[in-house]
Amino acid sequence: MNWLLGDKATFISIDSRISIISMVLLSVIGPCVFILQPGYVQGLVQYLGFDEIQSGYIASTEMFGVAASTIVMVLISSKFNWRILAVLCLSLSSIGNLLSLSVTDFDTLRATRFITGLGSGGVISLGFTMMGLTQKADRNFGYAITWVLIYGALGLLVMPTAFESIGMDGVLIFFALFCLSGICFVRFLPTGESEKEADSVVDAADYTSAIKGTSLAAILLYNVAIGITWAYLFLLGLEANISEQGVANVLTISQFLGIAGALIAVILQLKIGRIIPLMVGLLGGGLSVYLLVGVVDYFYYSAGVYLFNLLWNLSMPYLLATLADFDRTARIVTWGVSMQMVGTAIGPSVAAYILSLSNYDNVYLVATVLFIVSALLLLPGLLAQKKVNIQAVR
């Protein structure tokens with residue numbers, strides 16, 4: 001097994017280039033379906049014959065698998081070799097995608113997508129947990145999200161063509177092979193928390209449970225809002241009488257703007273602190289979604305989607321690094337990833353339920369409110385961290 005997992009006795013610095021590259025790759029592979037979710041949901045409707053409500057529940061079921069897996073990882077990641085867990089999760093995600101081939105039954109497809117989500121969630125959790133232990137977590141989270149968005153931009157651009165040329169089964173085979181490719185990099189990952197270098201982390205201040213709890217709640221509600229918004233963006237564009245390729249182009253451009261947002265986080269790191277970029281990101285996210293309420297034409301649709309993706313991906317590196325500062329064992333990062341995945345799992349179901357009762361306006365109004373509430377919940381934790389940093393300087 002040494003050729004696959006590497007020699008556990010051979011130390012690879014968690015801050016080495018090859019280790020960070022491997023973590024970044026896991027961070028791209030884990031959400032490889034979710035980041036293309038608007039296109040995938042549109043494919044379920046147009047090519048497999050599911051209606052909008054069913055498609056939302058299928059997407060949500062996969063995210064519930066992701067969420068369940070990330071919660072399990074909180075409980076077991078400290079007890080098992082991380083390389084072995086990575087191989088198991090990558091394999092499970094690949095198997096789930098292969099089991100989804102040619103499935104047109106609603107309940108069967110939900111089951112296979114849940115299996116896929118279980119594997120994907122484990123990959124996401126491991127990647128971000130490892131990254132939370134690195135010395136420059138803000139920067140490395142920014143790198144990870146940048147590459148996720150590059151993948152997403154290219155994927156959304158070619159998805160309409162891919163569906164027409166190779167069909168849903170061809171797309172699923174790509175997902176399966178992409179997941180398997182990650183196994184080649186497992187040998188360069190740390191085997192567990194104990195491999196972090198002594199100077200890679202610093203002692204964290206003793207933050208109260210209330211501060212940590214409200215910050216985790218903010219992550220949860222923020223990602224519910226993300227899940228509500230993201231799942232139906234493709235169908236909302238079609239509802240606004242924008243062509244299929246026109247919607248794909250808007251989403252692709254938004255991914256490149258998301259890349260810009262993540263790169264801003266990489267460049268700034270902590271030069272202006274975290275409060276300003278996070279409040280701009282969360283409250284601005286609410287504004288971007290509000291632009292999608294009412295009579296939506298091409299201008300408002302594209303403006304809302306562009307702003308949404310820019311601020312979403314500016315915020316995420318800061319959010320994850322904020323959690324890492326609460327607990328430098330990265331355990332709270334693992335919990336934060338769980339809250340992130342639970343939120344993105346709940347989001348499409350909430351959107352589908354609201355859509356079954358009313359229309360897209362109410363879907364995006366609810367998301368707007370959740371963005372604002374998440375900002376208010378996160379603020380006490382950010383202020384507490386700022387106070388600790390000021391005291392440390394003195």
# chains A, B, ... in the order shown; residues from 1 in each chain; ligands from 1

call {"tool": "residues_around", "arguments": {"residues": "region 60-62 of chain A", "least_positions_apart": "6", "cutoff": "10 Å", "atoms": "only C-alpha atoms", "output": "number ranges by chain"}}
result
A: 33-34, 54, 68, 109-118, 120-121, 227-228, 231, 342, 344-352

call {"tool": "residues_around", "arguments": {"residues": "Gly182 (chain A)", "least_positions_apart": "4", "cutoff": "10 Å", "atoms": "only C-alpha atoms", "output": "PyMOL selection string"}}
result
chain A and resi 22-23+25-26+28-30+86-87+90-91+123+177-178+186

call {"tool": "write_last_selection", "arguments": {"atoms": "C-alpha atoms", "output": "PDB file, in the first residue's frame"}}
result
ATOM      1  CA  SER A  22      -2.832  18.023  -2.786  1.00  0.00           C
ATOM      2  CA  MET A  23      -5.156  19.690  -0.266  1.00  0.00           C
ATOM      3  CA  LEU A  25      -7.026  19.323  -5.313  1.00  0.00           C
ATOM      4  CA  LEU A  26      -9.176  17.599  -2.679  1.00  0.00           C
ATOM      5  CA  VAL A  28     -11.850  20.975  -5.860  1.00  0.00           C
ATOM      6  CA  ILE A  29     -12.817  17.315  -6.184  1.00  0.00           C
ATOM      7  CA  GLY A  30     -15.054  17.298  -3.098  1.00  0.00           C
ATOM      8  CA  ALA A  86      -9.345  10.140   1.752  1.00  0.00           C
ATOM      9  CA  VAL A  87      -9.033   7.015  -0.429  1.00  0.00           C
ATOM     10  CA  LEU A  90     -12.863   9.445  -3.089  1.00  0.00           C
ATOM     11  CA  SER A  91     -13.785   5.868  -4.023  1.00  0.00           C
ATOM     12  CA  VAL A 123     -13.293  14.712   0.837  1.00  0.00           C
ATOM     13  CA  LEU A 177     -13.034   9.680 -13.047  1.00  0.00           C
ATOM     14  CA  PHE A 178     -12.227  13.082 -11.544  1.00  0.00           C
ATOM     15  CA  VAL A 186      -3.207  11.033  -1.268  1.00  0.00           C
TER      16      VAL A 186
END

call {"tool": "closest_residue", "arguments": {"among": "A:Val250, A:Leu278, A:Ala260, A:Ile267", "to": "Ala303 (chain A)", "atoms": "only C-alpha atoms"}}
result
A:Val250

call {"tool": "closest_residue", "arguments": {"among": "A:Val366, A:Val296, A:Ile166, A:Ile272", "to": "Asn241 (chain A)", "atoms": "only C-alpha atoms"}}
result
A:Val296

call {"tool": "closest_residue", "arguments": {"among": "A:Met339, A:Ile95, A:Ile275, A:Cys89", "to": "Asn223 (chain A)", "atoms": "only C-alpha atoms"}}
result
A:Met339

call {"tool": "atom_distance", "arguments": {"atom1": "CA of Thr129 (chain A)", "atom2": "CA of Ala153 (chain A)"}}
result
24.9 Å

call {"tool": "residues_around", "arguments": {"residues": "Gln42 (chain A)", "least_positions_apart": "2", "cutoff": "10 Å", "atoms": "only C-alpha atoms", "output": "list of chain:residue names"}}
result
A:Gln37, A:Pro38, A:Gly39, A:Tyr40, A:Leu44, A:Val45, A:Gln46, A:Tyr47, A:Leu48, A:Phe50, A:Asp51, A:Glu52, A:Ser55, A:Gly56, A:Met159, A:Pro160, A:Ala231, A:Tyr232, A:Leu233, A:Phe234, A:Leu235, A:Leu238, A:Glu244

call {"tool": "write_last_selection", "arguments": {"atoms": "N, CA, C and O atoms", "output": "compact mmCIF listing (two decimals), in the first residue's frame"}}
result
# COMPACT_ATOMS: atom_id res chain seq x y z
N GLN A 37 -23.91 22.82 -9.67
CA GLN A 37 -25.29 22.45 -9.36
C GLN A 37 -26.34 23.14 -10.23
O GLN A 37 -27.30 22.49 -10.65
N PRO A 38 -26.22 24.44 -10.52
CA PRO A 38 -27.24 25.05 -11.39
C PRO A 38 -27.35 24.34 -12.74
O PRO A 38 -28.45 24.11 -13.25
N GLY A 39 -26.20 23.99 -13.34
CA GLY A 39 -26.21 23.27 -14.61
C GLY A 39 -26.73 21.86 -14.45
O GLY A 39 -27.47 21.35 -15.31
N TYR A 40 -26.36 21.20 -13.34
CA TYR A 40 -26.82 19.83 -13.11
C TYR A 40 -28.33 19.79 -12.91
O TYR A 40 -29.01 18.92 -13.46
N LEU A 44 -31.19 17.84 -15.07
CA LEU A 44 -32.22 16.94 -14.55
C LEU A 44 -33.59 17.27 -15.15
O LEU A 44 -34.38 16.37 -15.45
N VAL A 45 -33.85 18.57 -15.30
CA VAL A 45 -35.14 19.00 -15.83
C VAL A 45 -35.22 18.75 -17.34
O VAL A 45 -36.17 18.13 -17.83
N GLN A 46 -34.20 19.19 -18.07
CA GLN A 46 -34.29 19.19 -19.53
C GLN A 46 -33.97 17.83 -20.15
O GLN A 46 -34.56 17.46 -21.17
N TYR A 47 -33.07 17.06 -19.54
CA TYR A 47 -32.61 15.83 -20.18
C TYR A 47 -33.11 14.55 -19.51
O TYR A 47 -33.12 13.50 -20.14
N LEU A 48 -33.49 14.63 -18.23
CA LEU A 48 -34.01 13.43 -17.56
C LEU A 48 -35.50 13.53 -17.26
O LEU A 48 -36.09 12.57 -16.77
N PHE A 50 -37.25 15.35 -15.04
CA PHE A 50 -37.76 15.69 -13.71
C PHE A 50 -38.31 17.11 -13.72
O PHE A 50 -37.86 17.96 -14.51
N ASP A 51 -39.28 17.40 -12.83
CA ASP A 51 -39.75 18.78 -12.76
C ASP A 51 -38.85 19.58 -11.82
O ASP A 51 -37.93 19.04 -11.20
N GLU A 52 -39.12 20.88 -11.70
CA GLU A 52 -38.26 21.76 -10.92
C GLU A 52 -38.21 21.36 -9.44
O GLU A 52 -37.15 21.42 -8.82
N SER A 55 -36.18 18.12 -9.00
CA SER A 55 -34.76 18.38 -9.21
C SER A 55 -34.13 19.05 -7.99
O SER A 55 -32.99 18.74 -7.62
N GLY A 56 -34.87 19.98 -7.38
CA GLY A 56 -34.37 20.62 -6.16
C GLY A 56 -34.17 19.62 -5.04
O GLY A 56 -33.17 19.67 -4.31
N MET A 159 -21.11 22.98 -19.98
CA MET A 159 -22.14 22.03 -19.59
C MET A 159 -23.25 21.87 -20.63
O MET A 159 -23.64 20.74 -20.93
N PRO A 160 -23.81 22.96 -21.19
CA PRO A 160 -24.83 22.76 -22.21
C PRO A 160 -24.32 21.94 -23.39
O PRO A 160 -25.03 21.04 -23.89
N ALA A 231 -29.04 26.86 -6.12
CA ALA A 231 -29.66 25.70 -6.78
C ALA A 231 -30.52 26.09 -7.98
O ALA A 231 -30.55 25.37 -8.98
N TYR A 232 -31.21 27.22 -7.92
CA TYR A 232 -32.19 27.55 -8.95
C TYR A 232 -31.75 28.71 -9.86
O TYR A 232 -32.57 29.23 -10.62
N LEU A 233 -30.48 29.09 -9.80
CA LEU A 233 -30.05 30.24 -10.60
C LEU A 233 -30.21 29.99 -12.10
O LEU A 233 -30.57 30.89 -12.87
N PHE A 234 -29.93 28.77 -12.55
CA PHE A 234 -30.07 28.47 -13.97
C PHE A 234 -31.53 28.57 -14.39
O PHE A 234 -31.88 29.21 -15.39
N LEU A 235 -32.40 27.93 -13.61
CA LEU A 235 -33.82 27.92 -13.96
C LEU A 235 -34.43 29.32 -13.84
O LEU A 235 -35.33 29.68 -14.60
N LEU A 238 -33.73 31.08 -17.06
CA LEU A 238 -34.63 30.62 -18.11
C LEU A 238 -36.03 31.22 -17.91
O LEU A 238 -36.71 31.57 -18.87
N GLU A 244 -30.64 29.44 -22.91
CA GLU A 244 -29.88 28.49 -22.11
C GLU A 244 -28.39 28.83 -22.12
O GLU A 244 -27.74 28.85 -21.07

call {"tool": "residues_around", "arguments": {"residues": "Thr161 (chain A)", "least_positions_apart": "6", "cutoff": "12 Å", "atoms": "only C-alpha atoms", "output": "PyMOL selection string"}}
result
chain A and resi 39+43+154-155+167-168+170-171+244-245+248

call {"tool": "write_last_selection", "arguments": {"atoms": "C-alpha atoms", "output": "PDB file, in the first residue's frame"}}
result
ATOM      1  CA  GLY A  39     -26.213  23.272 -14.608  1.00  0.00           C
ATOM      2  CA  GLY A  43     -29.885  18.878 -16.838  1.00  0.00           C
ATOM      3  CA  LEU A 154     -15.072  26.101 -17.168  1.00  0.00           C
ATOM      4  CA  GLY A 155     -17.632  23.456 -16.186  1.00  0.00           C
ATOM      5  CA  GLY A 167     -25.477  13.313 -22.281  1.00  0.00           C
ATOM      6  CA  MET A 168     -25.988  13.099 -18.544  1.00  0.00           C
ATOM      7  CA  GLY A 170     -21.081  11.170 -19.967  1.00  0.00           C
ATOM      8  CA  VAL A 171     -21.050  13.994 -17.439  1.00  0.00           C
ATOM      9  CA  GLU A 244     -29.876  28.485 -22.111  1.00  0.00           C
ATOM     10  CA  GLN A 245     -26.420  29.456 -23.388  1.00  0.00           C
ATOM     11  CA  ALA A 248     -24.566  29.535 -18.890  1.00  0.00           C
TER      12      ALA A 248
END

call {"tool": "closest_residue", "arguments": {"among": "A:Trp147, A:Phe326, A:Phe256, A:Phe185", "to": "Leu311 (chain A)", "atoms": "only C-alpha atoms"}}
result
A:Phe256

call {"tool": "closest_residue", "arguments": {"among": "A:Val66, A:Gly152, A:Leu126, A:Ala59", "to": "Phe106 (chain A)", "atoms": "only C-alpha atoms"}}
result
A:Ala59

call {"tool": "atom_distance", "arguments": {"atom1": "CA of Val224 (chain A)", "atom2": "CA of Gln135 (chain A)"}}
result
29.5 Å

call {"tool": "closest_residue", "arguments": {"among": "A:Ala324, A:Ile226, A:Ile12, A:Met279", "to": "Gln385 (chain A)", "atoms": "only C-alpha atoms"}}
result
A:Ala324
